[in-house]
$ cat my_file_34.cif   # mmCIF, C-alpha atoms and all ligand atoms
data_run
#
loop_
_atom_site.group_PDB
_atom_site.id
_atom_site.type_symbol
_atom_site.label_atom_id
_atom_site.label_comp_id
_atom_site.auth_asym_id
_atom_site.auth_seq_id
_atom_site.Cartn_x
_atom_site.Cartn_y
_atom_site.Cartn_z
ATOM 1 C CA MET A 175 -169.782 -149.526 21.110
ATOM 2 C CA ARG A 176 -171.603 -150.430 17.972
ATOM 3 C CA LEU A 177 -174.393 -152.954 17.986
ATOM 4 C CA LEU A 178 -176.419 -154.653 15.254
ATOM 5 C CA LEU A 179 -180.013 -155.342 16.254
ATOM 6 C CA VAL A 180 -181.805 -157.938 14.106
ATOM 7 C CA GLU A 181 -185.510 -157.986 14.934
ATOM 8 C CA ASP A 182 -188.489 -157.915 12.578
ATOM 9 C CA ASN A 183 -191.094 -156.753 15.083
ATOM 10 C CA ALA A 184 -191.012 -152.999 14.505
ATOM 11 C CA ARG A 185 -192.333 -152.111 17.936
ATOM 12 C CA LEU A 186 -189.919 -154.313 19.838
ATOM 13 C CA SER A 187 -187.062 -153.240 17.608
ATOM 14 C CA GLU A 188 -187.726 -149.571 18.319
ATOM 15 C CA LEU A 189 -188.095 -150.207 22.046
ATOM 16 C CA VAL A 190 -184.795 -152.072 22.202
ATOM 17 C CA ARG A 191 -183.039 -149.575 19.961
ATOM 18 C CA ARG A 192 -184.088 -146.690 22.202
ATOM 19 C CA ALA A 193 -183.028 -148.431 25.395
ATOM 20 C CA LEU A 194 -179.635 -149.423 24.043
ATOM 21 C CA THR A 195 -179.031 -146.015 22.485
ATOM 22 C CA ALA A 196 -179.768 -144.401 25.845
ATOM 23 C CA ASP A 197 -177.211 -146.782 27.301
ATOM 24 C CA GLY A 198 -174.558 -145.394 24.961
ATOM 25 C CA PHE A 199 -174.616 -147.947 22.144
ATOM 26 C CA ALA A 200 -174.707 -146.941 18.492
ATOM 27 C CA VAL A 201 -177.466 -149.204 17.188
ATOM 28 C CA ASP A 202 -178.158 -150.269 13.604
ATOM 29 C CA SER A 203 -181.496 -152.021 13.126
ATOM 30 C CA ALA A 204 -182.041 -154.766 10.548
ATOM 31 C CA GLN A 205 -185.448 -156.395 10.065
ATOM 32 C CA THR A 206 -184.352 -159.347 7.939
ATOM 33 C CA LEU A 207 -181.457 -161.774 7.678
ATOM 34 C CA GLN A 208 -180.519 -160.276 4.368
ATOM 35 C CA ALA A 209 -180.389 -156.751 5.764
ATOM 36 C CA ALA A 210 -178.267 -158.057 8.648
ATOM 37 C CA GLN A 211 -175.800 -159.625 6.201
ATOM 38 C CA GLU A 212 -175.563 -156.359 4.304
ATOM 39 C CA PHE A 213 -174.894 -154.370 7.483
ATOM 40 C CA LEU A 214 -172.225 -156.864 8.492
ATOM 41 C CA GLU A 215 -170.446 -156.401 5.175
ATOM 42 C CA ILE A 216 -170.065 -152.675 5.591
ATOM 43 C CA ALA A 217 -169.657 -152.038 9.321
ATOM 44 C CA ALA A 218 -167.751 -153.514 12.224
ATOM 45 C CA TYR A 219 -169.888 -154.468 15.214
ATOM 46 C CA ASP A 220 -168.982 -155.074 18.825
ATOM 47 C CA LEU A 221 -172.138 -157.067 19.473
ATOM 48 C CA ILE A 222 -175.139 -158.585 17.669
ATOM 49 C CA VAL A 223 -178.599 -158.873 19.252
ATOM 50 C CA LEU A 224 -180.535 -161.380 17.206
ATOM 51 C CA ASP A 225 -184.146 -162.522 16.979
ATOM 52 C CA LEU A 226 -184.587 -166.072 15.695
ATOM 53 C CA GLY A 227 -187.910 -165.887 13.842
ATOM 54 C CA LEU A 228 -187.194 -163.592 10.918
ATOM 55 C CA PRO A 229 -189.278 -163.135 7.745
ATOM 56 C CA ASP A 230 -186.610 -164.549 5.450
ATOM 57 C CA GLY A 231 -185.325 -167.347 7.636
ATOM 58 C CA ASP A 232 -184.026 -168.541 10.955
ATOM 59 C CA GLY A 233 -181.665 -166.262 12.864
ATOM 60 C CA LEU A 234 -179.605 -169.307 13.751
ATOM 61 C CA THR A 235 -178.359 -169.495 10.163
ATOM 62 C CA LEU A 236 -176.689 -166.147 10.764
ATOM 63 C CA VAL A 237 -175.031 -167.442 13.945
ATOM 64 C CA LYS A 238 -173.854 -170.473 12.021
ATOM 65 C CA SER A 239 -172.437 -168.544 9.106
ATOM 66 C CA LEU A 240 -170.686 -165.996 11.332
ATOM 67 C CA ARG A 241 -169.057 -168.730 13.393
ATOM 68 C CA ALA A 242 -168.123 -170.672 10.238
ATOM 69 C CA HIS A 243 -166.195 -167.589 9.174
ATOM 70 C CA THR A 244 -164.616 -167.447 12.640
ATOM 71 C CA HIS A 245 -166.311 -164.160 13.395
ATOM 72 C CA ALA A 246 -165.766 -163.712 17.149
ATOM 73 C CA VAL A 247 -168.377 -160.981 17.622
ATOM 74 C CA PRO A 248 -170.541 -161.741 20.686
ATOM 75 C CA ILE A 249 -174.119 -162.712 19.819
ATOM 76 C CA LEU A 250 -177.113 -162.450 22.128
ATOM 77 C CA VAL A 251 -180.158 -164.363 20.918
ATOM 78 C CA MET A 252 -183.706 -163.227 21.734
ATOM 79 C CA THR A 253 -186.216 -166.035 21.678
ATOM 80 C CA ALA A 254 -189.878 -166.666 22.446
ATOM 81 C CA ARG A 255 -190.797 -168.510 25.618
ATOM 82 C CA ASP A 256 -191.628 -171.691 23.725
ATOM 83 C CA GLY A 257 -188.324 -171.659 21.876
ATOM 84 C CA LEU A 258 -186.360 -173.730 24.356
ATOM 85 C CA ASP A 259 -184.899 -175.968 21.658
ATOM 86 C CA ASP A 260 -183.923 -172.877 19.711
ATOM 87 C CA ARG A 261 -182.053 -171.598 22.695
ATOM 88 C CA ILE A 262 -180.061 -174.722 23.139
ATOM 89 C CA SER A 263 -179.204 -175.004 19.475
ATOM 90 C CA GLY A 264 -178.343 -171.314 19.460
ATOM 91 C CA LEU A 265 -175.773 -171.800 22.174
ATOM 92 C CA ASP A 266 -174.497 -174.956 20.447
ATOM 93 C CA LEU A 267 -173.979 -173.059 17.253
ATOM 94 C CA GLY A 268 -171.999 -170.349 18.989
ATOM 95 C CA ALA A 269 -174.389 -167.730 20.343
ATOM 96 C CA ASP A 270 -173.043 -166.330 23.628
ATOM 97 C CA ASP A 271 -176.214 -165.693 25.573
ATOM 98 C CA TYR A 272 -179.973 -165.712 25.176
ATOM 99 C CA LEU A 273 -182.874 -163.808 26.589
ATOM 100 C CA VAL A 274 -186.462 -165.076 26.652
ATOM 101 C CA LYS A 275 -189.164 -162.713 25.396
ATOM 102 C CA PRO A 276 -190.704 -160.713 26.911
ATOM 103 C CA PHE A 277 -187.829 -159.150 28.785
ATOM 104 C CA ALA A 278 -187.090 -155.834 30.446
ATOM 105 C CA THR A 279 -184.896 -153.650 28.256
ATOM 106 C CA ALA A 280 -182.742 -152.877 31.299
ATOM 107 C CA GLU A 281 -182.000 -156.594 31.554
ATOM 108 C CA LEU A 282 -181.037 -156.711 27.883
ATOM 109 C CA ALA A 283 -178.693 -153.737 28.275
ATOM 110 C CA ALA A 284 -177.071 -155.366 31.313
ATOM 111 C CA ARG A 285 -176.573 -158.636 29.413
ATOM 112 C CA CYS A 286 -175.051 -156.771 26.479
ATOM 113 C CA ARG A 287 -172.538 -155.080 28.736
ATOM 114 C CA ALA A 288 -171.758 -158.386 30.448
ATOM 115 C CA LEU A 289 -170.989 -160.008 27.087
ATOM 116 C CA LEU A 290 -168.672 -157.184 26.135
ATOM 117 C CA ARG A 291 -166.799 -157.564 29.411
ATOM 118 C CA ARG A 292 -166.006 -161.222 28.874
ATOM 119 C CA PRO A 293 -162.394 -162.220 28.360
ATOM 120 C CA GLY A 294 -161.574 -161.217 24.824
ATOM 121 C CA GLY A 295 -164.619 -158.930 24.878
ATOM 122 C CA VAL A 296 -164.095 -155.265 24.309
ATOM 123 C CA LEU A 297 -165.043 -153.960 27.750
ATOM 124 C CA GLY A 298 -162.775 -153.938 30.765
ATOM 125 C CA SER A 299 -164.664 -153.138 33.912
ATOM 126 C CA VAL A 300 -162.667 -150.110 35.052
ATOM 127 C CA LEU A 301 -160.493 -148.103 32.664
ATOM 128 C CA THR A 302 -158.101 -145.471 33.928
ATOM 129 C CA ALA A 303 -155.686 -142.812 32.677
ATOM 130 C CA GLY A 304 -154.072 -140.256 34.981
ATOM 131 C CA ASN A 305 -156.635 -139.141 37.554
ATOM 132 C CA LEU A 306 -159.494 -140.183 35.289
ATOM 133 C CA SER A 307 -161.401 -143.439 35.627
ATOM 134 C CA LEU A 308 -164.413 -144.962 33.960
ATOM 135 C CA ASP A 309 -166.424 -147.786 35.443
ATOM 136 C CA CYS A 310 -167.920 -149.522 32.422
ATOM 137 C CA ASN A 311 -170.442 -151.433 34.530
ATOM 138 C CA GLY A 312 -172.043 -148.388 36.068
ATOM 139 C CA ARG A 313 -171.099 -146.169 33.112
ATOM 140 C CA GLU A 314 -169.659 -143.702 35.564
ATOM 141 C CA ALA A 315 -166.676 -141.444 34.960
ATOM 142 C CA ARG A 316 -164.627 -139.980 37.801
ATOM 143 C CA VAL A 317 -161.888 -137.395 37.991
ATOM 144 C CA ALA A 318 -159.802 -137.761 41.146
ATOM 145 C CA GLU A 319 -162.657 -139.770 42.719
ATOM 146 C CA LYS A 320 -165.162 -137.054 41.988
ATOM 147 C CA ARG A 321 -168.057 -138.064 39.765
ATOM 148 C CA LEU A 322 -168.057 -136.487 36.324
ATOM 149 C CA ASP A 323 -171.460 -136.310 34.651
ATOM 150 C CA LEU A 324 -171.254 -136.763 30.911
ATOM 151 C CA PRO A 325 -173.980 -137.101 28.280
ATOM 152 C CA PRO A 326 -174.112 -140.614 26.709
ATOM 153 C CA ARG A 327 -172.306 -139.671 23.484
ATOM 154 C CA GLU A 328 -169.373 -138.072 25.298
ATOM 155 C CA LEU A 329 -169.245 -140.953 27.750
ATOM 156 C CA SER A 330 -169.003 -143.365 24.827
ATOM 157 C CA LEU A 331 -166.301 -141.283 23.187
ATOM 158 C CA LEU A 332 -164.364 -141.247 26.439
ATOM 159 C CA GLU A 333 -164.714 -145.015 26.674
ATOM 160 C CA LEU A 334 -163.417 -145.591 23.140
ATOM 161 C CA LEU A 335 -160.425 -143.335 23.806
ATOM 162 C CA LEU A 336 -159.671 -144.820 27.225
ATOM 163 C CA ARG A 337 -159.542 -148.321 25.740
ATOM 164 C CA ARG A 338 -156.548 -147.211 23.770
ATOM 165 C CA SER A 339 -155.197 -144.598 26.095
ATOM 166 C CA GLY A 340 -151.896 -143.145 24.864
ATOM 167 C CA GLN A 341 -152.614 -144.084 21.249
ATOM 168 C CA VAL A 342 -154.272 -142.213 18.428
ATOM 169 C CA VAL A 343 -157.677 -143.757 17.765
ATOM 170 C CA PRO A 344 -158.581 -143.228 14.085
ATOM 171 C CA ARG A 345 -161.589 -141.045 13.310
ATOM 172 C CA ALA A 346 -163.267 -143.881 11.406
ATOM 173 C CA ASN A 347 -163.132 -146.153 14.457
ATOM 174 C CA LEU A 348 -164.610 -143.463 16.663
ATOM 175 C CA GLN A 349 -167.360 -142.665 14.198
ATOM 176 C CA ASN A 350 -168.110 -146.348 13.765
ATOM 177 C CA GLY A 351 -168.459 -146.739 17.517
ATOM 178 C CA LEU A 352 -170.497 -143.611 18.118
ATOM 179 C CA TYR A 353 -172.958 -143.246 15.299
ATOM 180 C CA SER A 354 -175.379 -145.729 13.819
ATOM 181 C CA MET A 355 -176.067 -146.067 10.133
ATOM 182 C CA GLY A 356 -178.556 -143.660 8.653
ATOM 183 C CA GLN A 357 -178.135 -141.337 11.612
ATOM 184 C CA GLU A 358 -177.803 -137.746 10.484
ATOM 185 C CA VAL A 359 -174.267 -136.879 11.479
ATOM 186 C CA SER A 360 -172.830 -133.538 10.514
ATOM 187 C CA PRO A 361 -169.251 -133.654 9.206
ATOM 188 C CA ASN A 362 -167.905 -132.010 12.337
ATOM 189 C CA ALA A 363 -170.045 -133.908 14.887
ATOM 190 C CA LEU A 364 -167.036 -135.855 16.143
ATOM 191 C CA GLU A 365 -164.970 -132.665 16.483
ATOM 192 C CA ALA A 366 -167.808 -131.033 18.399
ATOM 193 C CA ALA A 367 -168.175 -134.025 20.753
ATOM 194 C CA ALA A 368 -164.414 -134.144 21.294
ATOM 195 C CA SER A 369 -164.177 -130.458 22.114
ATOM 196 C CA ARG A 370 -167.101 -130.676 24.546
ATOM 197 C CA LEU A 371 -165.456 -133.641 26.223
ATOM 198 C CA ARG A 372 -162.123 -131.792 26.365
ATOM 199 C CA ARG A 373 -163.791 -128.811 28.052
ATOM 200 C CA ARG A 374 -165.556 -130.982 30.601
ATOM 201 C CA LEU A 375 -162.385 -132.873 31.447
ATOM 202 C CA ALA A 376 -160.474 -129.629 31.912
ATOM 203 C CA ALA A 377 -163.255 -128.092 34.008
ATOM 204 C CA ALA A 378 -163.239 -131.160 36.255
ATOM 205 C CA GLY A 379 -159.477 -130.824 36.769
ATOM 206 C CA SER A 380 -158.438 -133.949 34.904
ATOM 207 C CA ASP A 381 -154.727 -134.309 34.209
ATOM 208 C CA VAL A 382 -155.207 -136.192 30.941
ATOM 209 C CA THR A 383 -154.973 -134.422 27.602
ATOM 210 C CA LEU A 384 -157.380 -135.016 24.752
ATOM 211 C CA HIS A 385 -155.043 -134.623 21.830
ATOM 212 C CA THR A 386 -156.192 -133.966 18.252
ATOM 213 C CA ALA A 387 -154.114 -135.705 15.587
ATOM 214 C CA HIS A 388 -155.320 -133.526 12.715
ATOM 215 C CA GLY A 389 -157.049 -135.448 9.971
ATOM 216 C CA VAL A 390 -156.193 -138.741 11.696
ATOM 217 C CA GLY A 391 -158.019 -139.087 14.977
ATOM 218 C CA TYR A 392 -157.841 -138.412 18.691
ATOM 219 C CA ALA A 393 -155.749 -139.646 21.581
ATOM 220 C CA LEU A 394 -156.225 -139.499 25.307
ATOM 221 C CA LEU A 395 -152.798 -138.854 26.790
ATOM 222 C CA PRO A 396 -152.053 -139.552 30.466
ATOM 223 C CA PRO A 397 -149.873 -136.952 32.222
ATOM 224 C CA GLN A 398 -146.149 -137.175 31.495
ATOM 225 C CA PRO A 399 -144.133 -138.414 34.446
ATOM 226 C CA LYS A 400 -142.192 -135.509 35.936
ATOM 227 C CA GLY A 401 -138.389 -135.319 35.818
HETATM 228 CA CA CA B 1 -189.526 -162.344 14.973
#

$ encode --input "my_file_34.cif" --output "structure tokens"
Amino acid sequence: MRLLLVEDNARLSELVRRALTADGFAVDSAQTLQAAQEFLEIAAYDLIVLDLGLPDGDGLTLVKSLRAHTHAVPILVMTARDGLDDRISGLDLGADDYLVKPFATAELAARCRALLRRPGGVLGSVLTAGNLSLDCNGREARVAEKRLDLPPRELSLLELLLRRSGQVVPRANLQNGLYSMGQEVSPNALEAAASRLRRRLAAAGSDVTLHTAHGVGYALLPPQPKG
């Protein structure tokens, strides 16, 4: 899941970025409205976390312009305690949720996941294929009911593949969902993550196959029905 964080306070931005990255999001950080616009032109985001008081303007103008262009991406607004009016106008203009500063980063991560699970959002709560299941709420994978521990990156890869189980998910989509901008990613990082995930699934006795469509992408294939 790829997330755009728009926050000009460097300390808060870094704190939030770390927490959300640990929760499996690929996070791009913008400090200004203009930077946010530029990010939005070149990448596809599953969620935007937006501060309202930005050096070059009001975050609400971004909400307004995204909604005017019928952008359906969920937006969570972060606002100061005295910004009650901001909150209301934010929701009026099409933000999906708000959080009052200061907040616990765990609360923010939970709200982000909740937004992605909404109808039309990108998260279902439990995804399955064969004997494999992933609870997106608890971020817990299981093979035949047995818990499978995966590092965050592999868990995210599994999630992206499970959402389109049986189909080839293009490399670009996977990379977009897994890595944030400016992150040093070696050319074969995706291959390496996929092969680690494949090994772990096999070791855990999963009956799904992680198929490589060479040069195109990857697919998670449920077992073929017998006979
Ligand atoms: Ca601010």

$ residues_around --input "my_file_34.cif" --residues "Leu322 of chain A" --least-positions-apart "5" --cutoff "9 Å" --atoms "all atoms listed in the file" --output "ChimeraX atom specification"
/A:314-317,374-375,378

$ atom_distance --input "my_file_34.cif" --atom1 "atom CA of Arg372 of chain A" --atom2 "atom CA of Leu394 of chain A"
9.8 Å

$ closest_residue --input "my_file_34.cif" --among "A:His245, A:Lys238, A:Lys275, A:Arg338" --to "ligand CA 1 (chain B)" --atoms "only C-alpha atoms and all ligand atoms"
A:Lys275

$ closest_residue --input "my_file_34.cif" --among "A:Ile216, A:Leu226, A:Ala196, A:Pro276" --to "ligand CA 1 (chain B)" --atoms "all atoms listed in the file"
A:Leu226

$ closest_atom_pairs --input "my_file_34.cif" --of "chain A" --to "ligand CA 1 (chain B)" --cutoff "9 Å" --atoms "only C-alpha atoms and all ligand atoms" --output "tab-separated table"
residue	atom	partner	partner_atom	distance
A:Val180	CA	B:CA1	CA	8.9
A:Glu181	CA	B:CA1	CA	5.9
A:Asp182	CA	B:CA1	CA	5.1
A:Asn183	CA	B:CA1	CA	5.8
A:Gln205	CA	B:CA1	CA	8.7
A:Asp225	CA	B:CA1	CA	5.7
A:Leu226	CA	B:CA1	CA	6.2
A:Gly227	CA	B:CA1	CA	4.1
A:Leu228	CA	B:CA1	CA	4.8
A:Pro229	CA	B:CA1	CA	7.3
A:Met252	CA	B:CA1	CA	9.0
A:Thr253	CA	B:CA1	CA	8.3
A:Ala254	CA	B:CA1	CA	8.6

$ atom_distance --input "my_file_34.cif" --atom1 "atom CA of Leu352 of chain A" --atom2 "atom CA of Leu384 of chain A"
17.0 Å

$ atom_distance --input "my_file_34.cif" --atom1 "atom CA of Tyr219 of chain A" --atom2 "atom CA of Arg370 of chain A"
25.7 Å

$ residues_around --input "my_file_34.cif" --residues "segment 340-351 of chain A" --least-positions-apart "5" --cutoff "6 Å" --atoms "all atoms listed in the file" --output "CSV table (one decimal) with C-alpha atoms, keeping the file's coordinate frame"
chain,number,residue,atom,x,y,z
A,175,MET,CA,-169.8,-149.5,21.1
A,176,ARG,CA,-171.6,-150.4,18.0
A,390,VAL,CA,-156.2,-138.7,11.7
A,391,GLY,CA,-158.0,-139.1,15.0
A,392,TYR,CA,-157.8,-138.4,18.7
A,393,ALA,CA,-155.7,-139.6,21.6
A,394,LEU,CA,-156.2,-139.5,25.3
A,395,LEU,CA,-152.8,-138.9,26.8

$ residues_near_point --input "my_file_34.cif" --point "(-178.4, -156.2, 31.3)" --cutoff "12 Å" --atoms "all atoms listed in the file" --output "ChimeraX atom specification"
/A:190,193-194,197,250,271-273,277-291,311-312

$ resolve_selection --input "my_file_34.cif" --expression "the PyMOL selection byres (((chain A and resi 234) around 10) and not hetatm)" --output "PyMOL selection string"
chain A and resi 207+224-228+231-233+235-240+251+260-261+263-265+267-269

$ write_last_selection --input "my_file_34.cif" --atoms "C-alpha atoms" --output "mmCIF file, keeping the file's coordinate frame"
data_model
loop_
_atom_site.group_PDB
_atom_site.id
_atom_site.type_symbol
_atom_site.label_atom_id
_atom_site.label_comp_id
_atom_site.auth_asym_id
_atom_site.auth_seq_id
_atom_site.Cartn_x
_atom_site.Cartn_y
_atom_site.Cartn_z
ATOM 1 C CA LEU A 207 -181.457 -161.774 7.678
ATOM 2 C CA LEU A 224 -180.535 -161.380 17.206
ATOM 3 C CA ASP A 225 -184.146 -162.522 16.979
ATOM 4 C CA LEU A 226 -184.587 -166.072 15.695
ATOM 5 C CA GLY A 227 -187.910 -165.887 13.842
ATOM 6 C CA LEU A 228 -187.194 -163.592 10.918
ATOM 7 C CA GLY A 231 -185.325 -167.347 7.636
ATOM 8 C CA ASP A 232 -184.026 -168.541 10.955
ATOM 9 C CA GLY A 233 -181.665 -166.262 12.864
ATOM 10 C CA THR A 235 -178.359 -169.495 10.163
ATOM 11 C CA LEU A 236 -176.689 -166.147 10.764
ATOM 12 C CA VAL A 237 -175.031 -167.442 13.945
ATOM 13 C CA LYS A 238 -173.854 -170.473 12.021
ATOM 14 C CA SER A 239 -172.437 -168.544 9.106
ATOM 15 C CA LEU A 240 -170.686 -165.996 11.332
ATOM 16 C CA VAL A 251 -180.158 -164.363 20.918
ATOM 17 C CA ASP A 260 -183.923 -172.877 19.711
ATOM 18 C CA ARG A 261 -182.053 -171.598 22.695
ATOM 19 C CA SER A 263 -179.204 -175.004 19.475
ATOM 20 C CA GLY A 264 -178.343 -171.314 19.460
ATOM 21 C CA LEU A 265 -175.773 -171.800 22.174
ATOM 22 C CA LEU A 267 -173.979 -173.059 17.253
ATOM 23 C CA GLY A 268 -171.999 -170.349 18.989
ATOM 24 C CA ALA A 269 -174.389 -167.730 20.343
#

$ resolve_selection --input "my_file_34.cif" --expression "the PyMOL selection byres (((chain A and resi 325-329) around 9) and not hetatm)" --output "PyMOL selection string"
chain A and resi 195-199+308+313-315+323-324+330-334+352-353+367-368+370-371

$ residues_around --input "my_file_34.cif" --residues "Leu301 of chain A" --least-positions-apart "4" --cutoff "9 Å" --atoms "only C-alpha atoms" --output "compact mmCIF listing (two decimals) with C-alpha atoms, in the coordinates of the input"
# COMPACT_ATOMS: atom_id res chain seq x y z
CA LEU A 297 -165.04 -153.96 27.75
CA LEU A 306 -159.49 -140.18 35.29
CA SER A 307 -161.40 -143.44 35.63
CA LEU A 308 -164.41 -144.96 33.96
CA ASP A 309 -166.42 -147.79 35.44
CA CYS A 310 -167.92 -149.52 32.42
CA GLU A 333 -164.71 -145.01 26.67
CA LEU A 336 -159.67 -144.82 27.22
CA ARG A 337 -159.54 -148.32 25.74

$ axis_aligned_box --input "my_file_34.cif" --around "segment 214-233 of chain A" --padding-each-side "8 Å" --output "lines of an AutoDock Vina configuration file"
center_x = -178.5
center_y = -160.3
center_z = 12.3
size_x = 37.5
size_y = 32.5
size_z = 30.3

$ closest_residue --input "my_file_34.cif" --among "A:Gln208, A:Thr302, A:Ser354, A:Ser203" --to "Val382 of chain A" --atoms "only C-alpha atoms"
A:Thr302

$ residues_near_point --input "my_file_34.cif" --point "(-168.4, -156.5, 7.6)" --cutoff "12 Å" --atoms "all atoms listed in the file" --output "list in words"
Leu178, Ala210, Gln211, Glu212, Phe213, Leu214, Glu215, Ile216, Ala217, Ala218, Tyr219, Asp220, Leu240, His243, His245, Val247 and Asn350 of chain A

$ closest_residue --input "my_file_34.cif" --among "A:Arg192, A:Ala303, A:Ile222, A:Lys320" --to "Leu177 of chain A" --atoms "only C-alpha atoms"
A:Ile222

$ decode --input "my_file_34.cif" --residues "segment 299-313 of chain A" --atoms "N, CA, C and O atoms" --output "short mmCIF file (atom, residue, chain, number, x, y, z; two decimals), in the first residue's frame"
data_model
loop_
_atom_site.label_atom_id
_atom_site.label_comp_id
_atom_site.auth_asym_id
_atom_site.auth_seq_id
_atom_site.Cartn_x
_atom_site.Cartn_y
_atom_site.Cartn_z
N SER A 299 -11.05 -7.41 4.63
CA SER A 299 -10.44 -7.69 5.92
C SER A 299 -9.71 -9.03 5.97
O SER A 299 -8.66 -9.11 6.57
N VAL A 300 -10.24 -10.06 5.32
CA VAL A 300 -9.48 -11.31 5.25
C VAL A 300 -9.40 -11.77 3.79
O VAL A 300 -10.41 -11.90 3.11
N LEU A 301 -8.19 -11.97 3.32
CA LEU A 301 -7.98 -12.43 1.94
C LEU A 301 -7.52 -13.88 2.00
O LEU A 301 -6.71 -14.23 2.87
N THR A 302 -8.01 -14.70 1.09
CA THR A 302 -7.57 -16.08 1.11
C THR A 302 -7.26 -16.59 -0.30
O THR A 302 -7.78 -16.09 -1.29
N ALA A 303 -6.40 -17.61 -0.35
CA ALA A 303 -6.13 -18.37 -1.57
C ALA A 303 -5.62 -19.72 -1.10
O ALA A 303 -4.70 -19.78 -0.29
N GLY A 304 -6.23 -20.80 -1.57
CA GLY A 304 -5.83 -22.13 -1.11
C GLY A 304 -5.88 -22.21 0.40
O GLY A 304 -6.84 -21.75 1.03
N ASN A 305 -4.81 -22.74 1.00
CA ASN A 305 -4.79 -22.85 2.47
C ASN A 305 -4.13 -21.64 3.13
O ASN A 305 -3.78 -21.66 4.30
N LEU A 306 -3.99 -20.57 2.34
CA LEU A 306 -3.32 -19.37 2.83
C LEU A 306 -4.36 -18.29 3.14
O LEU A 306 -5.32 -18.12 2.37
N SER A 307 -4.20 -17.59 4.25
CA SER A 307 -5.10 -16.48 4.52
C SER A 307 -4.32 -15.33 5.12
O SER A 307 -3.27 -15.51 5.74
N LEU A 308 -4.83 -14.13 4.89
CA LEU A 308 -4.19 -12.95 5.44
C LEU A 308 -5.27 -12.06 6.04
O LEU A 308 -6.19 -11.63 5.34
N ASP A 309 -5.13 -11.82 7.33
CA ASP A 309 -6.04 -10.91 8.02
C ASP A 309 -5.41 -9.52 7.93
O ASP A 309 -4.37 -9.27 8.52
N CYS A 310 -6.06 -8.65 7.16
CA CYS A 310 -5.46 -7.32 6.93
C CYS A 310 -5.58 -6.44 8.16
O CYS A 310 -4.84 -5.47 8.29
N ASN A 311 -6.49 -6.73 9.05
CA ASN A 311 -6.61 -5.92 10.27
C ASN A 311 -5.42 -6.16 11.16
O ASN A 311 -4.75 -5.25 11.60
N GLY A 312 -5.19 -7.45 11.46
CA GLY A 312 -4.10 -7.79 12.36
C GLY A 312 -2.78 -7.94 11.63
O GLY A 312 -1.76 -8.18 12.24
N ARG A 313 -2.82 -7.82 10.28
CA ARG A 313 -1.61 -8.04 9.47
C ARG A 313 -1.00 -9.39 9.83
O ARG A 313 0.16 -9.50 10.17
#
